[in-house]
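Trainee: Would you mind keeping the following structure in view while I ask a few things?
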Amino acid sequence: MTRLRSLTLHVALVLSAGCSARQRVATETAVAEVLISDQQEQALGLQVHQELDKKGVKYLEDPVVVGYVQGIVDKLALPARRDRKDVRLHLHVIDDAKTVNAFATPGGHLYVYTALLSTADSEAEVAGVLAHEIGHVVGRHSARQMVHAYGLEAIASLALGKNPGLLQQVVAGVAANGLLLAHGRGEESEADDYAVRYTSAVGYDPKGIAVFFGKLLQKQGRTPQVLTWLSTHAATEDRIAHVNEVIAREGLGGTETGAERLAPIKQRLGGAK
Ligand code: ZN
């Protein structure tokens, strides 16, 4: 069966069965997979990276810190590859002590700001945020967002290389906002689910992401750092409750916090804030 036919069948099945959240996710992911190939995602991700370079984004060069974060990404890549075969992840650490942020772009590019590392108190929190961003990659959320935002037809033409104007628009949007578009609540919740599963799978305390959300909520309004991650990740009590519920329901274990490993990294970055 061709991919398109299997997709059509899938959509038909979902429509006839009524659309549960899980089915909707499966359908959107299938649509994104058919419309935007891995190579096209890679090309888009590279263009976004070049656009960020043009904007003068500064990357951290300290090999100790970059190597440390890369080590966390490498661990999380193992469970991620079970969900999206051969997914490639490219880490970029942005040298910015004032902006607490992290985001993912097409092609598996993960961007994390040094201020986010300084704000966390354990490796499990950093891993929770990274695993959440990896979840957006695994779920092909940026491709799904593009389908939502520009429509099937436009994205299909972009995928065929027939719409350079739109491509430029998409790339500029990502570079300007640091993300493609704000992800919807469903995608955020889905990425949180990936975050707790992946962190737990490699032995971290899966509550790391909830702890980090709680911390940002407390800091809101009384910190000089710009909590950009909060603006795209509304850290409501609901969300923290959802994370804890998934951990309980799926019996997710993991006790490692790695606070002692993050401490010297924070010191290199100029002390805890
Ligand atoms: Zn997110």
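Every chain in the structure tokens takes a letter, A first, then B, and so on in the order presented; its residues are numbered from 1, and the ligands are numbered from 1 following the presented order.
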Could you list, as a list in words, all protein and nucleic acid residues with an atom at most 9 Å from ligand 1, counting only C-alpha atoms and all ligand atoms?

Mentor: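 Checked against 9 Å with only C-alpha atoms and all ligand atoms; the hits are Ala102, Phe103, Ala104, Val129, His132, Glu133, Gly135, His136, Ala182, His183, Gly184, Arg185, Glu187, Glu188, Ser189, Glu190, Ala191, Asp192, Trp229, Thr232 and His233 of chain A.
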
Trainee: Near region 70-82 of chain A, within 8 Å and counting only C-alpha atoms, which residues show up once chain neighbours fewer than 6 positions away are dropped, as a short mmCIF file (atom, residue, chain, number, x, y, z; two decimals) with all heavy atoms, in the first residue's frame?

Mentor:
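After the write, part38.cif holds the following:
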```cif
data_model
loop_
_atom_site.label_atom_id
_atom_site.label_comp_id
_atom_site.auth_asym_id
_atom_site.auth_seq_id
_atom_site.Cartn_x
_atom_site.Cartn_y
_atom_site.Cartn_z
N LEU A 89 19.17 14.10 16.48
CA LEU A 89 19.05 15.26 17.37
C LEU A 89 20.33 16.07 17.31
O LEU A 89 21.42 15.52 17.38
CB LEU A 89 18.79 14.78 18.81
CG LEU A 89 17.53 13.93 19.00
CD1 LEU A 89 17.51 13.29 20.39
CD2 LEU A 89 16.27 14.78 18.79
N LEU A 91 22.16 19.30 19.06
CA LEU A 91 22.06 20.21 20.20
C LEU A 91 22.80 21.53 19.95
O LEU A 91 23.91 21.53 19.40
CB LEU A 91 22.67 19.52 21.44
CG LEU A 91 22.83 20.42 22.67
CD1 LEU A 91 21.47 20.75 23.28
CD2 LEU A 91 23.74 19.77 23.69
N ALA A 127 16.90 17.51 32.15
CA ALA A 127 16.52 16.37 31.30
C ALA A 127 15.03 16.41 30.99
O ALA A 127 14.61 16.08 29.87
CB ALA A 127 16.90 15.06 31.99
N LEU A 130 14.55 19.00 28.25
CA LEU A 130 15.10 18.50 26.98
C LEU A 130 14.22 17.38 26.42
O LEU A 130 13.95 17.33 25.22
CB LEU A 130 16.53 17.99 27.18
CG LEU A 130 17.59 19.07 27.42
CD1 LEU A 130 18.91 18.43 27.85
CD2 LEU A 130 17.82 19.92 26.17
N ALA A 131 13.75 16.50 27.31
CA ALA A 131 12.91 15.39 26.86
C ALA A 131 11.57 15.91 26.33
O ALA A 131 11.00 15.34 25.39
CB ALA A 131 12.68 14.40 28.00
N ILE A 134 12.40 17.10 22.92
CA ILE A 134 12.59 15.91 22.07
C ILE A 134 11.22 15.32 21.72
O ILE A 134 10.99 14.84 20.60
CB ILE A 134 13.50 14.88 22.77
CG1 ILE A 134 14.94 15.43 22.86
CG2 ILE A 134 13.49 13.53 22.03
CD1 ILE A 134 15.87 14.60 23.74
N GLY A 135 10.29 15.40 22.68
CA GLY A 135 8.92 14.93 22.43
C GLY A 135 8.26 15.68 21.28
O GLY A 135 7.56 15.09 20.46
N VAL A 138 9.82 14.08 18.20
CA VAL A 138 9.31 12.73 17.96
C VAL A 138 7.87 12.79 17.43
O VAL A 138 7.49 12.06 16.52
CB VAL A 138 9.37 11.90 19.26
CG1 VAL A 138 8.57 10.60 19.13
CG2 VAL A 138 10.82 11.58 19.62
N TYR A 198 10.48 9.37 28.85
CA TYR A 198 11.88 9.28 28.46
C TYR A 198 12.82 9.47 29.64
O TYR A 198 13.83 8.76 29.76
CB TYR A 198 12.21 10.31 27.37
CG TYR A 198 11.53 10.06 26.04
CD1 TYR A 198 11.51 11.03 25.05
CD2 TYR A 198 10.90 8.84 25.78
CE1 TYR A 198 10.90 10.81 23.83
CE2 TYR A 198 10.27 8.62 24.56
CZ TYR A 198 10.27 9.60 23.59
OH TYR A 198 9.64 9.38 22.40
N THR A 199 12.52 10.43 30.52
CA THR A 199 13.41 10.63 31.66
C THR A 199 13.39 9.40 32.56
O THR A 199 14.43 8.91 32.98
CB THR A 199 13.04 11.90 32.47
OG1 THR A 199 11.63 11.92 32.71
CG2 THR A 199 13.43 13.17 31.73
N ALA A 201 12.68 6.36 31.68
CA ALA A 201 13.29 5.23 30.98
C ALA A 201 14.81 5.17 31.16
O ALA A 201 15.40 4.10 31.11
CB ALA A 201 12.95 5.28 29.49
N VAL A 202 15.43 6.33 31.38
CA VAL A 202 16.89 6.31 31.55
C VAL A 202 17.29 6.57 33.02
O VAL A 202 18.45 6.89 33.29
CB VAL A 202 17.60 7.30 30.59
CG1 VAL A 202 17.38 6.86 29.14
CG2 VAL A 202 17.12 8.73 30.78
#
```

Trainee: Taking the DSSP assignment computed from this structure's backbone, write out as a VMD selection string all residues of region 15-262 of chain A that belong to helix (DSSP H, G or I).

Mentor: chain A and resid 15 to 17 21 to 35 38 to 54 63 to 83 114 to 119 123 to 138 141 to 150 152 to 159 164 to 177 185 to 201 208 to 219 228 to 232 237 to 249 259 to 262

Trainee: For the selection just defined, write its residues with C-alpha atoms to a file, as a compact mmCIF listing (two decimals), in the first residue's frame.

Mentor:
```txt
# COMPACT_ATOMS: atom_id res chain seq x y z
CA LEU A 15 -13.51 9.66 11.11
CA SER A 16 -15.79 6.63 11.27
CA ALA A 17 -14.63 5.66 14.75
CA ALA A 21 -7.37 12.35 21.28
CA ARG A 22 -4.99 9.46 20.65
CA GLN A 23 -6.41 8.82 17.19
CA ARG A 24 -6.30 12.50 16.32
CA VAL A 25 -2.61 12.59 17.27
CA ALA A 26 -1.93 9.47 15.19
CA THR A 27 -3.69 10.97 12.19
CA GLU A 28 -1.98 14.33 12.40
CA THR A 29 1.38 12.64 12.80
CA ALA A 30 0.68 10.45 9.75
CA VAL A 31 -0.31 13.51 7.72
CA ALA A 32 2.86 15.32 8.74
CA GLU A 33 4.98 12.29 7.93
CA VAL A 34 3.56 11.98 4.44
CA LEU A 35 3.76 15.67 3.63
CA ASP A 38 12.83 13.67 7.02
CA GLN A 39 15.11 15.30 4.42
CA GLN A 40 12.77 18.24 4.01
CA GLU A 41 12.64 18.65 7.77
CA GLN A 42 16.44 18.57 7.86
CA ALA A 43 16.64 21.25 5.17
CA LEU A 44 14.15 23.44 6.99
CA GLY A 45 16.02 23.00 10.27
CA LEU A 46 19.29 24.05 8.61
CA GLN A 47 17.69 27.14 7.14
CA VAL A 48 16.32 28.13 10.52
CA HIS A 49 19.79 27.64 11.98
CA GLN A 50 21.33 29.90 9.33
CA GLU A 51 18.66 32.49 10.00
CA LEU A 52 19.48 32.41 13.73
CA ASP A 53 23.17 32.89 12.83
CA LYS A 54 22.26 35.94 10.78
CA PRO A 63 33.25 22.14 25.68
CA VAL A 64 32.67 21.03 29.27
CA VAL A 65 29.18 22.53 29.48
CA VAL A 66 28.22 21.63 25.91
CA GLY A 67 29.54 18.09 26.42
CA TYR A 68 27.57 17.79 29.63
CA VAL A 69 24.27 18.77 27.98
CA GLN A 70 25.09 16.57 24.97
CA GLY A 71 25.48 13.65 27.38
CA ILE A 72 21.93 14.16 28.65
CA VAL A 73 20.59 14.39 25.07
CA ASP A 74 22.46 11.19 24.11
CA LYS A 75 20.82 9.31 26.99
CA LEU A 76 17.34 10.56 26.09
CA ALA A 77 17.87 9.74 22.41
CA LEU A 78 17.72 6.01 23.21
CA PRO A 79 14.04 5.89 24.27
CA ALA A 80 13.18 8.57 21.68
CA ARG A 81 14.45 6.31 18.89
CA ARG A 82 12.00 3.64 19.91
CA ASP A 83 9.15 6.04 19.06
CA THR A 114 22.46 28.80 29.42
CA ALA A 115 20.03 30.70 31.69
CA LEU A 116 17.79 27.64 31.70
CA LEU A 117 20.69 25.49 32.91
CA SER A 118 21.42 28.06 35.65
CA THR A 119 17.79 28.14 36.74
CA GLU A 123 19.99 17.32 36.04
CA ALA A 124 16.55 15.67 36.17
CA GLU A 125 14.93 19.09 35.65
CA VAL A 126 17.17 19.87 32.66
CA ALA A 127 16.52 16.37 31.30
CA GLY A 128 12.77 16.91 31.74
CA VAL A 129 12.86 20.09 29.64
CA LEU A 130 15.10 18.50 26.98
CA ALA A 131 12.91 15.39 26.86
CA HIS A 132 9.86 17.62 26.41
CA GLU A 133 11.53 19.31 23.42
CA ILE A 134 12.59 15.91 22.07
CA GLY A 135 8.92 14.93 22.43
CA HIS A 136 7.99 17.76 20.05
CA VAL A 137 10.51 16.32 17.56
CA VAL A 138 9.31 12.73 17.96
CA HIS A 141 4.85 18.81 16.04
CA SER A 142 6.46 21.50 13.91
CA ALA A 143 5.32 19.73 10.75
CA ARG A 144 1.86 19.37 12.25
CA GLN A 145 1.84 23.06 13.18
CA MET A 146 2.77 23.97 9.64
CA VAL A 147 -0.14 21.96 8.31
CA HIS A 148 -2.43 23.71 10.79
CA ALA A 149 -1.08 27.17 10.06
CA TYR A 150 -0.68 27.16 6.30
CA LEU A 152 -2.44 21.05 3.60
CA GLU A 153 -2.10 22.34 0.08
CA ALA A 154 0.49 24.98 0.83
CA ILE A 155 2.60 22.56 2.83
CA ALA A 156 2.35 19.93 0.11
CA SER A 157 3.65 22.47 -2.43
CA LEU A 158 6.40 23.48 -0.02
CA ALA A 159 7.32 19.84 0.41
CA PRO A 164 10.02 29.12 -1.94
CA GLY A 165 8.14 32.22 -0.75
CA LEU A 166 6.29 30.26 1.87
CA LEU A 167 9.47 28.49 2.91
CA GLN A 168 11.10 31.87 3.49
CA GLN A 169 8.10 32.98 5.53
CA VAL A 170 8.18 29.84 7.68
CA VAL A 171 11.91 30.12 8.29
CA ALA A 172 11.68 33.81 9.18
CA GLY A 173 8.84 33.07 11.59
CA VAL A 174 10.81 30.40 13.38
CA ALA A 175 13.89 32.57 13.64
CA ALA A 176 11.93 35.58 14.89
CA ASN A 177 9.97 33.80 17.57
CA ARG A 185 -2.33 22.55 24.47
CA GLY A 186 -2.72 19.05 23.08
CA GLU A 187 0.83 19.04 21.74
CA GLU A 188 2.21 20.48 24.96
CA SER A 189 0.49 17.79 26.95
CA GLU A 190 1.75 15.14 24.54
CA ALA A 191 5.32 16.47 24.85
CA ASP A 192 4.98 16.36 28.65
CA ASP A 193 3.98 12.70 28.38
CA TYR A 194 7.10 11.98 26.33
CA ALA A 195 9.16 13.94 28.87
CA VAL A 196 8.17 11.82 31.86
CA ARG A 197 8.46 8.54 29.92
CA TYR A 198 11.88 9.28 28.46
CA THR A 199 13.41 10.63 31.66
CA SER A 200 12.07 7.68 33.63
CA ALA A 201 13.29 5.23 30.98
CA GLY A 208 11.92 16.82 37.01
CA ILE A 209 9.79 18.72 34.51
CA ALA A 210 7.03 19.36 37.09
CA VAL A 211 9.62 20.60 39.58
CA PHE A 212 10.99 22.97 36.95
CA PHE A 213 7.52 24.28 36.09
CA GLY A 214 6.84 24.89 39.79
CA LYS A 215 10.11 26.79 40.07
CA LEU A 216 9.30 29.07 37.11
CA LEU A 217 5.86 29.76 38.55
CA GLN A 218 7.46 30.90 41.79
CA LYS A 219 10.05 33.02 40.01
CA THR A 228 10.50 32.84 27.82
CA TRP A 229 9.89 29.13 28.19
CA LEU A 230 6.91 29.94 30.40
CA SER A 231 5.36 32.12 27.70
CA THR A 232 5.10 29.15 25.36
CA GLU A 237 -1.16 23.79 38.26
CA ASP A 238 -3.24 21.65 35.87
CA ARG A 239 -0.21 20.83 33.88
CA ILE A 240 1.84 19.87 36.90
CA ALA A 241 -1.08 17.71 38.06
CA HIS A 242 -1.25 16.05 34.62
CA VAL A 243 2.46 15.19 34.75
CA ASN A 244 2.08 13.65 38.21
CA GLU A 245 -0.99 11.72 37.09
CA VAL A 246 0.83 10.19 34.10
CA ILE A 247 3.73 9.19 36.35
CA ALA A 248 1.32 7.50 38.78
CA ARG A 249 -0.87 5.87 36.10
CA ALA A 259 22.02 17.58 41.28
CA GLU A 260 25.70 16.98 42.09
CA ARG A 261 26.53 16.82 38.38
CA LEU A 262 24.70 20.03 37.49
```

Trainee: Per DSSP on the backbone, filter region 33-237 of chain A down to the residues in strand (DSSP E) and report them as a PyMOL selection string.

Mentor: chain A and resi 90-94+102-105+109-113

Trainee: If you keep all heavy atoms, can you produce a file of those selected residues as a short mmCIF file (atom, residue, chain, number, x, y, z; two decimals), in the first residue's frame?

Mentor:
```cif
data_model
loop_
_atom_site.label_atom_id
_atom_site.label_comp_id
_atom_site.auth_asym_id
_atom_site.auth_seq_id
_atom_site.Cartn_x
_atom_site.Cartn_y
_atom_site.Cartn_z
N HIS A 90 20.18 17.38 17.11
CA HIS A 90 21.35 18.27 17.04
C HIS A 90 21.20 19.30 18.15
O HIS A 90 20.24 20.06 18.15
CB HIS A 90 21.42 18.99 15.69
CG HIS A 90 21.18 18.09 14.52
ND1 HIS A 90 22.20 17.38 13.92
CD2 HIS A 90 20.05 17.76 13.85
CE1 HIS A 90 21.70 16.66 12.92
NE2 HIS A 90 20.40 16.88 12.86
N LEU A 91 22.16 19.30 19.06
CA LEU A 91 22.06 20.21 20.20
C LEU A 91 22.80 21.53 19.95
O LEU A 91 23.91 21.53 19.40
CB LEU A 91 22.67 19.52 21.44
CG LEU A 91 22.83 20.42 22.67
CD1 LEU A 91 21.47 20.75 23.28
CD2 LEU A 91 23.74 19.77 23.69
N HIS A 92 22.17 22.63 20.35
CA HIS A 92 22.83 23.93 20.29
C HIS A 92 22.61 24.61 21.65
O HIS A 92 21.47 24.75 22.08
CB HIS A 92 22.21 24.81 19.20
CG HIS A 92 22.08 24.11 17.87
ND1 HIS A 92 23.13 23.98 17.00
CD2 HIS A 92 21.02 23.49 17.30
CE1 HIS A 92 22.72 23.31 15.92
NE2 HIS A 92 21.44 22.99 16.08
N VAL A 93 23.69 24.98 22.30
CA VAL A 93 23.56 25.69 23.59
C VAL A 93 23.77 27.17 23.32
O VAL A 93 24.84 27.59 22.85
CB VAL A 93 24.59 25.17 24.62
CG1 VAL A 93 24.41 25.91 25.96
CG2 VAL A 93 24.42 23.66 24.83
N ILE A 94 22.75 27.96 23.57
CA ILE A 94 22.82 29.40 23.32
C ILE A 94 23.34 30.11 24.56
O ILE A 94 22.86 29.88 25.67
CB ILE A 94 21.42 29.95 22.90
CG1 ILE A 94 21.02 29.32 21.56
CG2 ILE A 94 21.44 31.48 22.81
CD1 ILE A 94 19.65 29.76 21.05
N ALA A 102 14.10 27.20 25.91
CA ALA A 102 14.54 26.03 25.15
C ALA A 102 13.49 25.82 24.08
O ALA A 102 12.32 26.10 24.30
CB ALA A 102 14.63 24.80 26.04
N PHE A 103 13.92 25.40 22.90
CA PHE A 103 12.93 25.10 21.86
C PHE A 103 13.51 24.10 20.87
O PHE A 103 14.71 23.84 20.86
CB PHE A 103 12.46 26.38 21.14
CG PHE A 103 13.55 27.18 20.46
CD1 PHE A 103 13.89 26.93 19.14
CD2 PHE A 103 14.22 28.20 21.15
CE1 PHE A 103 14.89 27.67 18.51
CE2 PHE A 103 15.22 28.94 20.52
CZ PHE A 103 15.55 28.68 19.20
N ALA A 104 12.61 23.52 20.08
CA ALA A 104 13.03 22.55 19.07
C ALA A 104 12.56 23.05 17.72
O ALA A 104 11.50 23.67 17.62
CB ALA A 104 12.41 21.19 19.37
N THR A 105 13.35 22.82 16.68
CA THR A 105 12.94 23.21 15.33
C THR A 105 12.94 21.95 14.45
O THR A 105 13.46 20.91 14.86
CB THR A 105 13.88 24.28 14.73
OG1 THR A 105 15.17 23.70 14.55
CG2 THR A 105 13.98 25.51 15.62
N HIS A 109 16.55 19.78 15.70
CA HIS A 109 17.46 20.74 16.33
C HIS A 109 16.90 21.17 17.67
O HIS A 109 15.76 21.63 17.76
CB HIS A 109 17.66 21.98 15.44
CG HIS A 109 18.43 21.67 14.20
ND1 HIS A 109 19.80 21.82 14.11
CD2 HIS A 109 18.03 21.17 13.00
CE1 HIS A 109 20.21 21.45 12.91
NE2 HIS A 109 19.15 21.06 12.21
N LEU A 110 17.71 21.00 18.72
CA LEU A 110 17.30 21.40 20.06
C LEU A 110 18.15 22.59 20.47
O LEU A 110 19.37 22.55 20.37
CB LEU A 110 17.56 20.26 21.05
CG LEU A 110 16.97 18.89 20.71
CD1 LEU A 110 17.51 17.84 21.68
CD2 LEU A 110 15.45 18.94 20.79
N TYR A 111 17.48 23.64 20.91
CA TYR A 111 18.19 24.83 21.37
C TYR A 111 17.90 25.01 22.86
O TYR A 111 16.74 25.00 23.26
CB TYR A 111 17.71 26.07 20.61
CG TYR A 111 18.05 26.04 19.13
CD1 TYR A 111 17.24 25.36 18.22
CD2 TYR A 111 19.21 26.67 18.65
CE1 TYR A 111 17.56 25.32 16.87
CE2 TYR A 111 19.54 26.63 17.30
CZ TYR A 111 18.71 25.96 16.41
OH TYR A 111 19.03 25.93 15.07
N VAL A 112 18.96 25.15 23.65
CA VAL A 112 18.75 25.40 25.07
C VAL A 112 19.64 26.57 25.50
O VAL A 112 20.79 26.69 25.08
CB VAL A 112 19.02 24.12 25.92
CG1 VAL A 112 20.42 23.60 25.74
CG2 VAL A 112 18.72 24.35 27.40
N TYR A 113 19.07 27.46 26.28
CA TYR A 113 19.78 28.66 26.72
C TYR A 113 20.53 28.39 28.03
O TYR A 113 20.01 27.67 28.89
CB TYR A 113 18.78 29.81 26.95
CG TYR A 113 18.19 30.38 25.69
CD1 TYR A 113 17.42 29.59 24.83
CD2 TYR A 113 18.38 31.72 25.36
CE1 TYR A 113 16.87 30.12 23.67
CE2 TYR A 113 17.82 32.26 24.21
CZ TYR A 113 17.08 31.46 23.37
OH TYR A 113 16.54 31.98 22.23
#
```

Trainee: Using only C-alpha atoms, pick whichever of A:Lys266, A:Lys85, A:Arg140, A:Lys55 has the shortest atom-to-atom distance to Gly107 (chain A).

Mentor: A:Arg140

Trainee: Kindly give the distance, in Å, that separates CA of Gln225 (chain A) and CA of Thr99 (chain A), rounded to a single decimal.

Mentor: 5.6 Å
